[in-house]
Amino acid sequence: MISFYPGPSRVHNEIPKYVNDAFALGIMSINHRSDTFVKMSERTITLLKDRLAIPKNYTVFYTSSATECWEIIAQSLVSNKSYHLYNGAFGQKWYDYTRRLQAGAEPFAFGREEQLNVKTLPAGTEPGVICITQNETSNGTQVRNRTLRAIRKAYPDHIIAVDATSSMAGVPLDFKAADVWFASVQKCFGLPAGLGLMICSPAALQHSVRLGENKHYNSLNFLTEMMAKWQTSCTPNVLGIYLLMRVLEKMPPIAEVYAELESRYKDWTAFLSERKTMRHLVANTAVHSHTVIPVTAEADMLTAIKKKALKEGILLGEGYGEWKATTFRIANFPALKIGEIRTLKRLLKTFG
Ligand SMILES: *Cc1c(COP(=O)(O)O)cnc(C)c1O
């Protein structure tokens, strides 16, 4: 089965070999306070910073998921206000999770076809955490780096947190334009689920120290203390970290990865514009995600496409949230092979 699901998605071909190596080397049983772990952790983070062009003075943390990162931000970085700018189901979920922990969470929904406009944002009044979903996996839209830079400029004293779960390791992110970035590895990293990454600026960590929140096993201050020794506050997903290290060793610089993905994205848009029975869900190409492609069609057509795809060994991503019944989604993640994309296009073409 070829999975075009936008997460969990297809994993890199080398994963079975790496899992075997991990077993043979005893990685699956190492102690997370051992030298072996510390060296592996340091090497993984050093590689991550190199491949993704993360500033040297930012700190990387291992978490279990992107969802955990939503909670860490809510508990350790929000003192009063958080401003949630979103246009889809994941951004809304982040707001919902934060609201349960913090009364000052404020939603700011914008349109799917709309480019986030810094002039209309509500965050001006009181300092707080601005929460942005860079790549909205539910509807295939993204917020560009230049928009993030404009928000950074307009709100220099706010903490800016960015959910890049379905774009990190696929598209270049301007890490300097925000304070907190996070993702989980079952999307563009092409790895099995169960590991999240959170990347914090010095300003974010200073803010966390000022707030002094220390009530949880995953309080950011505690994580920072542990990460000074390349460690975690609980037994982490050691196998996941090992697999990440092996994948990063082989990964080209992000600009190279993106050049290939962008060209595949352009081919997908051209392909969809030629179809009669289906089209890209989003008309405005300026807000298109380059890693998640949502396709809309009549309900009957949609059912027929998904059914035929399954029969031919292709798993398409279901629609998500309010677009569940009218869309399917195609992952444009680095682990997918050109031949697999060709197979899917051949199949979709048979529907006109
Ligand atoms: C998949 C996804 C999440 C949730 O990731 P988990 O690893 O399941 O917590 C959050 N945000 C976005 C944008 C996603 O695509």
# chains A, B, ... in the order shown; residues from 1 in each chain; ligands from 1
>>> residues_near_ligand(ligand="ligand 1", cutoff="10 Å", atoms="only C-alpha atoms and all ligand atoms", output="mmCIF file with N, CA and C atoms, in the first residue's frame")
data_model
loop_
_atom_site.group_PDB
_atom_site.id
_atom_site.type_symbol
_atom_site.label_atom_id
_atom_site.label_comp_id
_atom_site.auth_asym_id
_atom_site.auth_seq_id
_atom_site.Cartn_x
_atom_site.Cartn_y
_atom_site.Cartn_z
ATOM 1 N N PRO A 6 -1.638 12.649 4.446
ATOM 2 C CA PRO A 6 -0.694 13.686 4.920
ATOM 3 C C PRO A 6 -0.362 13.510 6.401
ATOM 4 N N GLY A 7 -0.047 12.354 6.817
ATOM 5 C CA GLY A 7 0.457 12.066 8.152
ATOM 6 C C GLY A 7 -0.513 11.275 8.995
ATOM 7 N N PRO A 8 -0.056 10.122 9.558
ATOM 8 C CA PRO A 8 1.184 9.447 9.202
ATOM 9 C C PRO A 8 1.187 9.115 7.720
ATOM 10 N N THR A 63 9.767 16.014 22.166
ATOM 11 C CA THR A 63 8.480 15.815 22.832
ATOM 12 C C THR A 63 7.874 14.531 22.245
ATOM 13 N N SER A 64 6.645 14.236 22.629
ATOM 14 C CA SER A 64 6.031 13.028 22.087
ATOM 15 C C SER A 64 5.203 13.326 20.843
ATOM 16 N N SER A 65 4.776 14.572 20.683
ATOM 17 C CA SER A 65 3.885 14.904 19.567
ATOM 18 C C SER A 65 3.752 16.419 19.439
ATOM 19 N N ALA A 66 3.126 16.846 18.360
ATOM 20 C CA ALA A 66 2.810 18.265 18.206
ATOM 21 C C ALA A 66 1.754 18.683 19.223
ATOM 22 N N THR A 67 0.838 17.784 19.510
ATOM 23 C CA THR A 67 -0.213 18.078 20.490
ATOM 24 C C THR A 67 0.407 18.406 21.856
ATOM 25 N N GLU A 68 1.430 17.647 22.226
ATOM 26 C CA GLU A 68 2.105 17.950 23.493
ATOM 27 C C GLU A 68 2.702 19.361 23.449
ATOM 28 N N CYS A 69 3.232 19.749 22.298
ATOM 29 C CA CYS A 69 3.805 21.102 22.172
ATOM 30 C C CYS A 69 2.733 22.169 22.389
ATOM 31 N N TRP A 70 1.508 21.935 21.867
ATOM 32 C CA TRP A 70 0.410 22.881 22.127
ATOM 33 C C TRP A 70 0.258 23.088 23.632
ATOM 34 N N GLY A 88 -8.276 26.846 9.766
ATOM 35 C CA GLY A 88 -8.634 25.440 9.578
ATOM 36 C C GLY A 88 -8.652 24.662 10.880
ATOM 37 N N ALA A 89 -8.841 23.359 10.752
ATOM 38 C CA ALA A 89 -9.141 22.498 11.901
ATOM 39 C C ALA A 89 -7.982 22.378 12.898
ATOM 40 N N PHE A 90 -6.720 22.369 12.398
ATOM 41 C CA PHE A 90 -5.608 22.200 13.335
ATOM 42 C C PHE A 90 -5.379 23.465 14.164
ATOM 43 N N GLY A 91 -5.445 24.625 13.505
ATOM 44 C CA GLY A 91 -5.305 25.881 14.236
ATOM 45 C C GLY A 91 -6.411 26.040 15.276
ATOM 46 N N GLN A 92 -7.607 25.619 14.897
ATOM 47 C CA GLN A 92 -8.745 25.704 15.815
ATOM 48 C C GLN A 92 -8.570 24.761 17.011
ATOM 49 N N LYS A 93 -8.045 23.564 16.733
ATOM 50 C CA LYS A 93 -7.781 22.596 17.810
ATOM 51 C C LYS A 93 -6.776 23.157 18.812
ATOM 52 N N TRP A 94 -5.749 23.785 18.273
ATOM 53 C CA TRP A 94 -4.718 24.394 19.130
ATOM 54 C C TRP A 94 -5.379 25.420 20.055
ATOM 55 N N ILE A 132 0.339 30.614 15.439
ATOM 56 C CA ILE A 132 0.082 30.550 13.993
ATOM 57 C C ILE A 132 0.324 29.129 13.482
ATOM 58 N N THR A 133 -0.613 28.621 12.710
ATOM 59 C CA THR A 133 -0.406 27.328 12.064
ATOM 60 C C THR A 133 0.186 27.608 10.689
ATOM 61 N N GLN A 134 1.484 27.338 10.542
ATOM 62 C CA GLN A 134 2.169 27.715 9.298
ATOM 63 C C GLN A 134 1.625 26.929 8.116
ATOM 64 N N ASN A 135 1.398 25.618 8.344
ATOM 65 C CA ASN A 135 0.856 24.795 7.256
ATOM 66 C C ASN A 135 -0.411 24.113 7.776
ATOM 67 N N GLU A 136 -1.561 24.569 7.300
ATOM 68 C CA GLU A 136 -2.840 24.041 7.794
ATOM 69 C C GLU A 136 -3.154 22.750 7.025
ATOM 70 N N THR A 137 -2.875 21.640 7.676
ATOM 71 C CA THR A 137 -2.972 20.322 7.041
ATOM 72 C C THR A 137 -4.407 19.970 6.642
ATOM 73 N N SER A 138 -5.387 20.590 7.298
ATOM 74 C CA SER A 138 -6.780 20.224 7.011
ATOM 75 C C SER A 138 -7.267 20.777 5.671
ATOM 76 N N GLY A 140 -4.914 22.488 3.283
ATOM 77 C CA GLY A 140 -3.857 22.698 2.294
ATOM 78 C C GLY A 140 -3.496 24.144 2.030
ATOM 79 N N GLN A 142 -1.016 27.623 3.475
ATOM 80 C CA GLN A 142 0.139 27.927 4.324
ATOM 81 C C GLN A 142 0.325 29.424 4.496
ATOM 82 N N VAL A 162 4.782 28.829 16.296
ATOM 83 C CA VAL A 162 4.373 28.370 14.962
ATOM 84 C C VAL A 162 4.267 26.848 14.904
ATOM 85 N N ASP A 163 3.096 26.377 14.520
ATOM 86 C CA ASP A 163 2.878 24.955 14.267
ATOM 87 C C ASP A 163 3.292 24.675 12.827
ATOM 88 N N ALA A 164 4.413 23.963 12.677
ATOM 89 C CA ALA A 164 4.911 23.627 11.332
ATOM 90 C C ALA A 164 4.925 22.111 11.162
ATOM 91 N N THR A 165 3.934 21.462 11.760
ATOM 92 C CA THR A 165 3.941 19.993 11.820
ATOM 93 C C THR A 165 4.018 19.350 10.442
ATOM 94 N N SER A 166 3.278 19.889 9.468
ATOM 95 C CA SER A 166 3.254 19.218 8.168
ATOM 96 C C SER A 166 4.096 19.931 7.117
ATOM 97 N N SER A 167 5.041 20.772 7.562
ATOM 98 C CA SER A 167 5.936 21.444 6.608
ATOM 99 C C SER A 167 7.400 21.351 7.009
ATOM 100 N N PHE A 182 7.319 24.002 16.139
ATOM 101 C CA PHE A 182 7.228 22.583 16.492
ATOM 102 C C PHE A 182 6.628 21.772 15.343
ATOM 103 N N ALA A 183 6.904 20.458 15.430
ATOM 104 C CA ALA A 183 6.418 19.513 14.422
ATOM 105 C C ALA A 183 6.475 18.118 15.018
ATOM 106 N N SER A 184 5.808 17.186 14.381
ATOM 107 C CA SER A 184 6.029 15.790 14.743
ATOM 108 C C SER A 184 6.571 15.086 13.496
ATOM 109 N N VAL A 185 7.196 13.927 13.694
ATOM 110 C CA VAL A 185 8.041 13.374 12.621
ATOM 111 C C VAL A 185 7.302 12.502 11.602
ATOM 112 N N GLN A 186 5.986 12.256 11.820
ATOM 113 C CA GLN A 186 5.270 11.351 10.902
ATOM 114 C C GLN A 186 4.759 12.069 9.644
ATOM 115 N N LYS A 187 5.205 13.306 9.410
ATOM 116 C CA LYS A 187 4.762 14.014 8.209
ATOM 117 C C LYS A 187 5.969 14.165 7.276
ATOM 118 N N CYS A 188 6.535 15.386 7.143
ATOM 119 C CA CYS A 188 7.617 15.557 6.156
ATOM 120 C C CYS A 188 8.905 14.813 6.491
ATOM 121 N N ALA A 193 5.371 7.548 13.627
ATOM 122 C CA ALA A 193 4.860 8.508 14.625
ATOM 123 C C ALA A 193 5.412 8.225 16.017
ATOM 124 N N GLY A 194 5.295 9.219 16.901
ATOM 125 C CA GLY A 194 5.671 9.022 18.293
ATOM 126 C C GLY A 194 6.807 9.904 18.776
ATOM 127 N N LEU A 195 7.171 10.890 17.945
ATOM 128 C CA LEU A 195 8.223 11.826 18.347
ATOM 129 C C LEU A 195 7.863 13.218 17.846
ATOM 130 N N GLY A 196 7.979 14.197 18.735
ATOM 131 C CA GLY A 196 7.759 15.588 18.348
ATOM 132 C C GLY A 196 9.033 16.379 18.575
ATOM 133 N N LEU A 197 9.150 17.515 17.892
ATOM 134 C CA LEU A 197 10.307 18.391 18.057
ATOM 135 C C LEU A 197 9.826 19.796 18.346
ATOM 136 N N VAL A 292 0.837 19.763 1.271
ATOM 137 C CA VAL A 292 -0.456 19.071 1.376
ATOM 138 C C VAL A 292 -1.374 19.609 0.284
#
>>> select_by_dssp(residues="range 23-89 of chain A", states="strand (DSSP E or B)", output="short mmCIF file (atom, residue, chain, number, x, y, z; two decimals) with all heavy atoms, in the first residue's frame")
data_model
loop_
_atom_site.label_atom_id
_atom_site.label_comp_id
_atom_site.auth_asym_id
_atom_site.auth_seq_id
_atom_site.Cartn_x
_atom_site.Cartn_y
_atom_site.Cartn_z
N THR A 59 17.18 26.41 20.93
CA THR A 59 17.27 25.13 21.63
C THR A 59 16.22 24.16 21.10
O THR A 59 15.07 24.54 20.92
CB THR A 59 17.06 25.35 23.15
OG1 THR A 59 17.97 26.36 23.59
CG2 THR A 59 17.30 24.08 23.94
N VAL A 60 16.65 22.93 20.86
CA VAL A 60 15.73 21.91 20.35
C VAL A 60 15.35 20.96 21.49
O VAL A 60 16.20 20.55 22.27
CB VAL A 60 16.39 21.11 19.20
CG1 VAL A 60 15.46 20.00 18.70
CG2 VAL A 60 16.79 22.03 18.05
N PHE A 61 14.05 20.63 21.57
CA PHE A 61 13.56 19.69 22.59
C PHE A 61 12.86 18.52 21.92
O PHE A 61 12.22 18.68 20.88
CB PHE A 61 12.54 20.39 23.50
CG PHE A 61 13.09 21.57 24.24
CD1 PHE A 61 12.92 22.86 23.73
CD2 PHE A 61 13.80 21.41 25.41
CE1 PHE A 61 13.44 23.96 24.40
CE2 PHE A 61 14.32 22.50 26.09
CZ PHE A 61 14.14 23.79 25.58
N TYR A 62 12.96 17.35 22.54
CA TYR A 62 12.18 16.20 22.10
C TYR A 62 10.87 16.17 22.88
O TYR A 62 10.88 16.28 24.10
CB TYR A 62 12.93 14.89 22.37
CG TYR A 62 14.30 14.82 21.75
CD1 TYR A 62 15.43 14.79 22.54
CD2 TYR A 62 14.45 14.76 20.35
CE1 TYR A 62 16.70 14.71 21.98
CE2 TYR A 62 15.72 14.69 19.79
CZ TYR A 62 16.84 14.66 20.60
OH TYR A 62 18.10 14.59 20.04
N THR A 63 9.77 16.01 22.17
CA THR A 63 8.48 15.82 22.83
C THR A 63 7.87 14.53 22.25
O THR A 63 8.53 13.84 21.47
CB THR A 63 7.53 17.01 22.58
OG1 THR A 63 7.21 17.07 21.18
CG2 THR A 63 8.18 18.32 23.01
N LYS A 81 -2.61 36.24 27.91
CA LYS A 81 -3.23 36.22 26.59
C LYS A 81 -2.52 35.30 25.60
O LYS A 81 -1.29 35.23 25.57
CB LYS A 81 -3.19 37.65 26.00
CG LYS A 81 -4.14 38.61 26.67
CD LYS A 81 -5.56 38.33 26.26
CE LYS A 81 -6.54 39.20 27.01
NZ LYS A 81 -7.90 38.62 26.98
N SER A 82 -3.33 34.60 24.79
CA SER A 82 -2.77 33.98 23.58
C SER A 82 -3.71 34.31 22.43
O SER A 82 -4.93 34.35 22.61
CB SER A 82 -2.60 32.48 23.74
OG SER A 82 -3.83 31.84 23.98
N TYR A 83 -3.14 34.60 21.27
CA TYR A 83 -3.91 35.01 20.10
C TYR A 83 -3.76 33.94 19.03
O TYR A 83 -2.64 33.70 18.55
CB TYR A 83 -3.40 36.36 19.59
CG TYR A 83 -3.42 37.44 20.65
CD1 TYR A 83 -2.30 37.69 21.43
CD2 TYR A 83 -4.57 38.19 20.89
CE1 TYR A 83 -2.30 38.67 22.42
CE2 TYR A 83 -4.59 39.17 21.88
CZ TYR A 83 -3.46 39.41 22.64
OH TYR A 83 -3.48 40.37 23.62
N HIS A 84 -4.87 33.32 18.67
CA HIS A 84 -4.81 32.17 17.76
C HIS A 84 -5.30 32.57 16.37
O HIS A 84 -6.49 32.81 16.18
CB HIS A 84 -5.63 31.02 18.32
CG HIS A 84 -5.09 30.54 19.64
ND1 HIS A 84 -4.29 29.43 19.75
CD2 HIS A 84 -5.18 31.05 20.89
CE1 HIS A 84 -3.93 29.26 21.01
NE2 HIS A 84 -4.45 30.23 21.73
N LEU A 85 -4.37 32.65 15.44
CA LEU A 85 -4.71 33.01 14.07
C LEU A 85 -4.82 31.72 13.27
O LEU A 85 -3.84 31.00 13.14
CB LEU A 85 -3.61 33.90 13.46
CG LEU A 85 -2.95 34.91 14.41
CD1 LEU A 85 -1.87 35.70 13.67
CD2 LEU A 85 -3.98 35.86 15.01
N TYR A 86 -6.01 31.42 12.78
CA TYR A 86 -6.14 30.15 12.06
C TYR A 86 -7.25 30.19 11.01
O TYR A 86 -8.15 31.03 11.07
CB TYR A 86 -6.43 29.00 13.04
CG TYR A 86 -7.69 29.16 13.85
CD1 TYR A 86 -8.92 28.77 13.33
CD2 TYR A 86 -7.66 29.69 15.14
CE1 TYR A 86 -10.08 28.92 14.06
CE2 TYR A 86 -8.82 29.85 15.87
CZ TYR A 86 -10.02 29.45 15.35
OH TYR A 86 -11.17 29.61 16.07
#
>>> closest_residue(among="A:Arg112, A:His207, A:Lys49, A:Lys266", to="Ala169 in chain A", atoms="only C-alpha atoms")
A:Lys49
>>> closest_residue(among="A:Gly190, A:Gly319, A:Ser273, A:Ser263", to="Gly240 in chain A", atoms="only C-alpha atoms")
A:Gly190
>>> residues_around(residues="Asp300 in chain A", least_positions_apart="5", cutoff="12 Å", atoms="only C-alpha atoms", output="mmCIF file with all heavy atoms, in the first residue's frame")
data_model
loop_
_atom_site.group_PDB
_atom_site.id
_atom_site.type_symbol
_atom_site.label_atom_id
_atom_site.label_comp_id
_atom_site.auth_asym_id
_atom_site.auth_seq_id
_atom_site.Cartn_x
_atom_site.Cartn_y
_atom_site.Cartn_z
ATOM 1 N N THR A 277 -13.282 16.573 -13.482
ATOM 2 C CA THR A 277 -14.142 16.099 -12.393
ATOM 3 C C THR A 277 -13.620 16.461 -11.004
ATOM 4 O O THR A 277 -14.254 16.155 -10.008
ATOM 5 C CB THR A 277 -14.259 14.564 -12.451
ATOM 6 O OG1 THR A 277 -12.941 14.015 -12.349
ATOM 7 C CG2 THR A 277 -14.916 14.119 -13.742
ATOM 8 N N MET A 278 -12.466 17.070 -10.952
ATOM 9 C CA MET A 278 -11.896 17.424 -9.642
ATOM 10 C C MET A 278 -11.045 18.672 -9.782
ATOM 11 O O MET A 278 -10.593 19.000 -10.880
ATOM 12 C CB MET A 278 -11.045 16.263 -9.107
ATOM 13 C CG MET A 278 -9.874 15.913 -9.986
ATOM 14 S SD MET A 278 -9.059 14.366 -9.520
ATOM 15 C CE MET A 278 -9.935 13.178 -10.547
ATOM 16 N N ILE A 305 -13.386 7.546 -6.620
ATOM 17 C CA ILE A 305 -11.927 7.723 -6.709
ATOM 18 C C ILE A 305 -11.236 6.988 -5.572
ATOM 19 O O ILE A 305 -10.283 6.226 -5.775
ATOM 20 C CB ILE A 305 -11.548 9.230 -6.669
ATOM 21 C CG1 ILE A 305 -12.062 9.958 -7.920
ATOM 22 C CG2 ILE A 305 -10.031 9.401 -6.540
ATOM 23 C CD1 ILE A 305 -11.967 11.481 -7.852
ATOM 24 N N LYS A 306 -11.743 7.192 -4.352
ATOM 25 C CA LYS A 306 -11.093 6.582 -3.190
ATOM 26 C C LYS A 306 -11.148 5.062 -3.266
ATOM 27 O O LYS A 306 -10.203 4.367 -2.911
ATOM 28 C CB LYS A 306 -11.751 7.079 -1.899
ATOM 29 C CG LYS A 306 -11.246 8.454 -1.476
ATOM 30 C CD LYS A 306 -11.651 8.779 -0.062
ATOM 31 C CE LYS A 306 -12.805 9.732 -0.052
ATOM 32 N NZ LYS A 306 -13.190 10.281 1.230
ATOM 33 N N LYS A 307 -12.294 4.568 -3.755
ATOM 34 C CA LYS A 307 -12.484 3.127 -3.842
ATOM 35 C C LYS A 307 -11.507 2.518 -4.848
ATOM 36 O O LYS A 307 -10.837 1.519 -4.560
ATOM 37 C CB LYS A 307 -13.935 2.851 -4.263
ATOM 38 C CG LYS A 307 -14.410 1.458 -3.894
ATOM 39 C CD LYS A 307 -15.908 1.333 -4.048
ATOM 40 C CE LYS A 307 -16.247 -0.072 -4.511
ATOM 41 N NZ LYS A 307 -17.585 -0.147 -5.104
ATOM 42 N N ALA A 325 -16.350 15.567 3.789
ATOM 43 C CA ALA A 325 -17.192 14.902 2.788
ATOM 44 C C ALA A 325 -16.876 15.336 1.360
ATOM 45 O O ALA A 325 -17.298 14.687 0.404
ATOM 46 C CB ALA A 325 -18.656 15.176 3.095
ATOM 47 N N THR A 326 -16.148 16.441 1.194
ATOM 48 C CA THR A 326 -15.998 16.992 -0.155
ATOM 49 C C THR A 326 -14.562 17.016 -0.668
ATOM 50 O O THR A 326 -14.311 17.506 -1.768
ATOM 51 C CB THR A 326 -16.548 18.440 -0.205
ATOM 52 O OG1 THR A 326 -16.015 19.141 0.933
ATOM 53 C CG2 THR A 326 -18.057 18.455 -0.147
ATOM 54 N N THR A 327 -13.625 16.526 0.127
ATOM 55 C CA THR A 327 -12.237 16.539 -0.351
ATOM 56 C C THR A 327 -11.506 15.235 -0.035
ATOM 57 O O THR A 327 -11.903 14.483 0.841
ATOM 58 C CB THR A 327 -11.387 17.655 0.324
ATOM 59 O OG1 THR A 327 -11.364 17.445 1.731
ATOM 60 C CG2 THR A 327 -11.879 19.037 0.030
ATOM 61 N N PHE A 351 -10.506 9.305 -14.352
ATOM 62 C CA PHE A 351 -11.788 9.924 -13.973
ATOM 63 C C PHE A 351 -12.068 11.216 -14.752
ATOM 64 O O PHE A 351 -13.041 11.896 -14.490
ATOM 65 C CB PHE A 351 -11.814 10.196 -12.464
ATOM 66 C CG PHE A 351 -11.885 8.948 -11.650
ATOM 67 C CD1 PHE A 351 -10.726 8.322 -11.191
ATOM 68 C CD2 PHE A 351 -13.105 8.358 -11.334
ATOM 69 C CE1 PHE A 351 -10.784 7.161 -10.447
ATOM 70 C CE2 PHE A 351 -13.164 7.201 -10.592
ATOM 71 C CZ PHE A 351 -12.002 6.583 -10.138
#
>>> atom_distance(atom1="CA of Thr285 in chain A", atom2="CA of Ala109 in chain A")
19.6 Å
>>> closest_residue(among="A:Ala309, A:Ile160, A:Leu173, A:Ile2", to="Pro55 in chain A", atoms="only C-alpha atoms")
A:Leu173
>>> closest_residue(among="A:Trp268, A:Phe189, A:Tyr155, A:Tyr18", to="Leu248 in chain A", atoms="only C-alpha atoms")
A:Phe189
>>> select_by_dssp(residues="range 215-345 of chain A", states="alpha helix (DSSP H)", output="NGL selection string")
:A and (220-227 or 238-250 or 254-273 or 299-311 or 338-345)
